[in-house]
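Heads up: the structure comes next, in structure tokens.
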Amino acid sequence: MKYLLFIFSLCVLVTNLQATTRQVGKNKEYATVTAAVKAASTGDTVLVFAGLYREKNLVIAKKIVLKGTGYPVLDGEKKYEVISVKTDGVVVEGFRIIHSGVSSIEDMGGIKIYDSRDVVIRNNILEDTFFGIYVQYGKHCIIENNRITAYAQEEQQSGNGIHCWKSDSLQIIGNTISGQRDGIYFEFVTNSVIWRNNSFRNIRYGLHFMFSHNDAYIFNHFTHNGAGVAVMYSHGVKMYSNVFEENWGDAAYGLLLKEISDSYIDGNTFVKNTSGIYMEGASRIHMQKNQFQNNGWGMKIQASCMDIEVTKNNFISNTFDVGTNGSLVLNTFNSNYWDKYDGYDLNKDKVGDVPYRPVSMYSMIVEKNPPAMLLFRSFITTLLDKTEKVLPSLTPEGLKDSRPQMKRLF
Amino acid sequence: MKKIIKYVMADILRNRIVLVYLLFLLVASFSVFSLEDNSSKGLLSLLNIILLIVPLISIIFSTIYVYNSAEFIELLVSQPLKRKSIWISLFIGLAGSLSIAFFIGVGIPVLLYEANMVGFLMIGVGILLSIIFVAIAMLAAVKTRDKAKGIGMAILLWVYFSILFDGLVLFLLFQFADYPLEKAMVGVSALNPIDLSRILILLQLDVSAMMGYTGAIFKDFFGTTTGMLISLLVLLTWVSLPVWLSVRNFNRKDL
């Protein structure tokens, strides 16, 4: 009897779960995706075969799986938002979405998620979309392995690659984004993770954080972005093992921190940026095991920062290791490796016996008077730097590493 | 004229100072490249040698040489030779031998370790600097009859170009800090061949630091082909102007 009941309940479950697959394509059940979506009921799969579909604005208000095989093209004809997801648990997978509408009133996306949770957007190719993937009031959504390419020329005329607004617990994984305004944009997004993305050649920032607390971004690669990566007005941000590379220009930074607190910056690599990190109004930040190499300025810490702990980082071949704009220093530097350190180590404990002052006189002069760059590496500036090292007057007295490492750390 | 150049060069080689100079450059360049762990850092150290030592040796050696060959010059003037060709041959002999010494001493190590755009630029700039300071030395030597005064003037000129000028620029920058001086600075750099050479090389070397606003302006000018050509032209003016002035002076000089 018990056994029978189990079988019976299993049967009920199966019939309940029974979902049909509706095929869309030439000589298939449905000719357009809209028709198939209209006919589908909750739990169905709409399978779209390769071809060009002009569906205007495709609204998905049922919990279905929308799947493309062979990358069917959804064309927004430069007028429409291509896919609008308006309910929970929708999966959009395997499409090539091109030419979304551009509007300065509405934020049109290639794929836009409205007030939904558990939505999965996976393996899509988006080309020439205004906003690529737009998440608005999303929760627990996964955006994975999408390739977003745009050809934006101006900041005002372009949207962001992955734009998330007032969302929570998102996972942004393995996406490739280029040519947008910001690669990934977070505003009022909490408890989310950005992992293994590649964001390059965007007009403004590779990644842009605003008022987004307790998020983590890990193993991402940001190269050749107009102004690098900006993290602003947030707290509890974890930045681990990212690579910031070749962000060049006067207002370009590998990483720009503005009004950030209680955050961690560990194991990142900063290579060939005008400034590796630029900090303003940041507080209580732990920076460990980062690599700063071939930057113009390894790090610029404005005097408005406090309680920043810089420990065990490598500073190699930077033109200036650290720059600052005032004499107030409320931050600590400890146990870093500086390739410009010329002190000695008598007791052989691999820690230099004289403290290292990473701010050079000339970097202070340039900070105050940028045209002085003309005298870069001239004899007179070397002379000034040497005298300043013996008798610090212009450079902040407290900015020093008392335990400089003799050997490169990693 | 060829004969005089040949004679001057042979004479310079015979007194061995140029050979010692060559050896010094060779040892310095090789040690710089083998001591530093990456060779672009080696180039930077070498840049300091080029910007300080090369002008110093060129200007002082040439001044002393011109004074010491006063009798030889008097002998030549008594022959049926144009004064202009005597002076120019003296210049070519001096500039040629110092440039060859520089090319062997610095050029060969650079070509071995860093045979790229920066390397070539460095060799070119070094040779030009040698020639420029020979020209300036000859102008200084022809202007003053007194040997001690002439050599003193040569040393002062070197101090001016390598140190004082930059100090002056720094002073002016702070005095006029409220004005947009970036573009003017490009013009100011043309007033000192050492500064001009330094900026030309640094724009190829320290790319990231020079990408700031000021750097961008320099890059816009010096980084382009036209900018490079103009800088080359300015450097050549630094050769031809002193030579022309000294020839004029020598022509009128009562020996």
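Chains: A, B, ... in order of the structure tokens. Residues: from 1 per chain. Ligands: from 1, in order shown.
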What are the residues of chain A that have an atom within 10 Å of an atom of chain B, counting only C-alpha atoms, as a PDB file with C-alpha atoms, in the first residue's frame?
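Result file out-v1.pdb:
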ATOM      1  CA  GLU A 246      46.938  49.765 -19.437  1.00  0.00           C
ATOM      2  CA  ASN A 247      44.426  52.373 -18.368  1.00  0.00           C
ATOM      3  CA  TRP A 248      46.061  55.465 -19.778  1.00  0.00           C
ATOM      4  CA  GLY A 249      45.198  59.125 -19.644  1.00  0.00           C
ATOM      5  CA  ASP A 250      45.201  62.048 -17.297  1.00  0.00           C
ATOM      6  CA  ALA A 251      41.951  61.028 -15.609  1.00  0.00           C
ATOM      7  CA  ALA A 252      42.642  57.304 -15.885  1.00  0.00           C
ATOM      8  CA  VAL A 271      50.303  47.080 -14.667  1.00  0.00           C
ATOM      9  CA  LYS A 272      51.038  50.085 -16.892  1.00  0.00           C
ATOM     10  CA  ASN A 273      48.379  52.428 -15.596  1.00  0.00           C
ATOM     11  CA  THR A 274      48.820  56.170 -15.306  1.00  0.00           C
ATOM     12  CA  SER A 275      47.936  55.678 -11.621  1.00  0.00           C
ATOM     13  CA  ASN A 294      55.313  49.895 -14.537  1.00  0.00           C
ATOM     14  CA  ASN A 295      52.713  52.425 -13.457  1.00  0.00           C
ATOM     15  CA  GLY A 296      53.219  56.173 -13.644  1.00  0.00           C
ATOM     16  CA  TRP A 297      52.123  56.401 -10.018  1.00  0.00           C
ATOM     17  CA  SER A 317      59.461  49.846 -11.855  1.00  0.00           C
ATOM     18  CA  ASN A 318      56.869  52.489 -11.145  1.00  0.00           C
ATOM     19  CA  THR A 319      57.894  55.999 -12.057  1.00  0.00           C
ATOM     20  CA  PHE A 320      56.598  57.215  -8.705  1.00  0.00           C
ATOM     21  CA  ILE A 365      56.403  69.128  -7.072  1.00  0.00           C
ATOM     22  CA  VAL A 366      54.637  67.539 -10.022  1.00  0.00           C
ATOM     23  CA  LYS A 368      51.509  70.874  -7.230  1.00  0.00           C
ATOM     24  CA  ASN A 369      52.751  72.030 -10.584  1.00  0.00           C
ATOM     25  CA  PRO A 370      52.114  69.550 -13.415  1.00  0.00           C
ATOM     26  CA  PRO A 371      54.209  71.336 -16.096  1.00  0.00           C
ATOM     27  CA  ALA A 372      57.246  70.513 -13.946  1.00  0.00           C
ATOM     28  CA  MET A 373      57.008  67.147 -15.685  1.00  0.00           C
ATOM     29  CA  LEU A 374      59.326  68.821 -18.193  1.00  0.00           C
ATOM     30  CA  LEU A 375      62.166  68.327 -15.745  1.00  0.00           C
ATOM     31  CA  PHE A 376      61.434  64.642 -15.292  1.00  0.00           C
ATOM     32  CA  ARG A 377      64.636  62.663 -14.625  1.00  0.00           C
ATOM     33  CA  SER A 378      66.832  65.700 -14.984  1.00  0.00           C
ATOM     34  CA  PHE A 379      69.888  66.161 -12.826  1.00  0.00           C
ATOM     35  CA  ILE A 380      68.340  68.914 -10.738  1.00  0.00           C
ATOM     36  CA  THR A 381      65.342  66.824  -9.685  1.00  0.00           C
ATOM     37  CA  LEU A 383      69.575  66.333  -6.653  1.00  0.00           C
TER      38      LEU A 383
END
Which residues come within 9 Å of Ile111 in chain A, counting only C-alpha atoms, excluding same-chain residues fewer than 6 positions away, as JSON, numbers by chain?
{"A": [81, 82, 83, 84, 85, 92, 97, 121, 126, 131, 132, 133, 134, 135]}
When you look at Met153 in chain B with a cut-off of 9 Å (counting only C-alpha atoms), what residues show up, excluding the ones that are within fewer than 4 positions of it in the same chain? I need them as a ChimeraX atom specification.
/B:137,140-141,144,148-149,157-158
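The space separating CA of Leu170 in chain A from CA of Val243 in chain A comes to 21.6 Å.
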Selection near Leu22 in chain B, 9 Å with only C-alpha atoms, sequence-local residues under 3 positions removed, as a VMD selection string
chain B and resid 17 to 19 25 to 27 98 100 to 106
Only N, CA and C atoms, please: the residues just picked out, written as a PDB file, in the first residue's frame.
ATOM      1  N   ILE B  17      93.394  60.845 -25.052  1.00  0.00           N
ATOM      2  CA  ILE B  17      92.295  61.169 -24.141  1.00  0.00           C
ATOM      3  C   ILE B  17      90.980  60.637 -24.690  1.00  0.00           C
ATOM      4  N   VAL B  18      90.795  60.788 -26.003  1.00  0.00           N
ATOM      5  CA  VAL B  18      89.558  60.309 -26.605  1.00  0.00           C
ATOM      6  C   VAL B  18      89.451  58.792 -26.491  1.00  0.00           C
ATOM      7  N   LEU B  19      90.600  58.126 -26.558  1.00  0.00           N
ATOM      8  CA  LEU B  19      90.584  56.666 -26.392  1.00  0.00           C
ATOM      9  C   LEU B  19      90.151  56.285 -24.978  1.00  0.00           C
ATOM     10  N   LEU B  25      83.292  55.004 -21.639  1.00  0.00           N
ATOM     11  CA  LEU B  25      81.901  54.823 -22.086  1.00  0.00           C
ATOM     12  C   LEU B  25      81.574  53.350 -22.260  1.00  0.00           C
ATOM     13  N   LEU B  26      82.519  52.632 -22.848  1.00  0.00           N
ATOM     14  CA  LEU B  26      82.303  51.213 -23.119  1.00  0.00           C
ATOM     15  C   LEU B  26      82.106  50.449 -21.811  1.00  0.00           C
ATOM     16  N   VAL B  27      83.013  50.680 -20.860  1.00  0.00           N
ATOM     17  CA  VAL B  27      82.931  49.980 -19.571  1.00  0.00           C
ATOM     18  C   VAL B  27      81.634  50.371 -18.856  1.00  0.00           C
ATOM     19  N   LEU B  98      84.914  62.611 -31.651  1.00  0.00           N
ATOM     20  CA  LEU B  98      84.119  62.423 -30.429  1.00  0.00           C
ATOM     21  C   LEU B  98      82.855  61.600 -30.710  1.00  0.00           C
ATOM     22  N   ILE B 100      82.532  59.351 -33.086  1.00  0.00           N
ATOM     23  CA  ILE B 100      82.925  57.955 -33.298  1.00  0.00           C
ATOM     24  C   ILE B 100      83.179  57.284 -31.945  1.00  0.00           C
ATOM     25  N   ALA B 101      83.863  58.020 -31.053  1.00  0.00           N
ATOM     26  CA  ALA B 101      84.124  57.472 -29.717  1.00  0.00           C
ATOM     27  C   ALA B 101      82.801  57.149 -29.023  1.00  0.00           C
ATOM     28  N   PHE B 102      81.820  58.052 -29.142  1.00  0.00           N
ATOM     29  CA  PHE B 102      80.521  57.814 -28.512  1.00  0.00           C
ATOM     30  C   PHE B 102      79.832  56.619 -29.152  1.00  0.00           C
ATOM     31  N   PHE B 103      79.920  56.567 -30.474  1.00  0.00           N
ATOM     32  CA  PHE B 103      79.218  55.481 -31.162  1.00  0.00           C
ATOM     33  C   PHE B 103      79.770  54.123 -30.765  1.00  0.00           C
ATOM     34  N   ILE B 104      81.099  54.040 -30.671  1.00  0.00           N
ATOM     35  CA  ILE B 104      81.686  52.749 -30.277  1.00  0.00           C
ATOM     36  C   ILE B 104      81.413  52.497 -28.788  1.00  0.00           C
ATOM     37  N   GLY B 105      81.597  53.519 -27.971  1.00  0.00           N
ATOM     38  CA  GLY B 105      81.501  53.331 -26.519  1.00  0.00           C
ATOM     39  C   GLY B 105      80.096  53.054 -26.039  1.00  0.00           C
ATOM     40  N   VAL B 106      79.101  53.751 -26.582  1.00  0.00           N
ATOM     41  CA  VAL B 106      77.728  53.566 -26.112  1.00  0.00           C
ATOM     42  C   VAL B 106      76.892  52.824 -27.153  1.00  0.00           C
TER      43      VAL B 106
END
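Residue neighbourhood of range 106-108 of chain A, excluding near-sequence residues (fewer than 3 positions): Tyr80, Glu81, Ser100, Gly101, Val102, Ser103, Lys112, Phe130, Phe131 and Gly159 of chain A, at 8 Å, using only C-alpha atoms.
Shortest separation to Pro404 in chain A among A:Ser327, A:Thr223, A:Leu391, A:Lys312 occurs at residue A:Lys312, atoms counted being only C-alpha atoms.
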Give me the residues near range 119-136 of chain B as a VMD selection string, where near means some atom within 7 Å (using only C-alpha atoms) and where sequence neighbours in that chain fewer than 2 positions away do not count.
chain B and resid 50 54 to 55 58 to 59 62 95 98 to 99 102 to 103 107 110 to 111 114 to 117 138 to 140 197 201 238 to 239 242 to 243
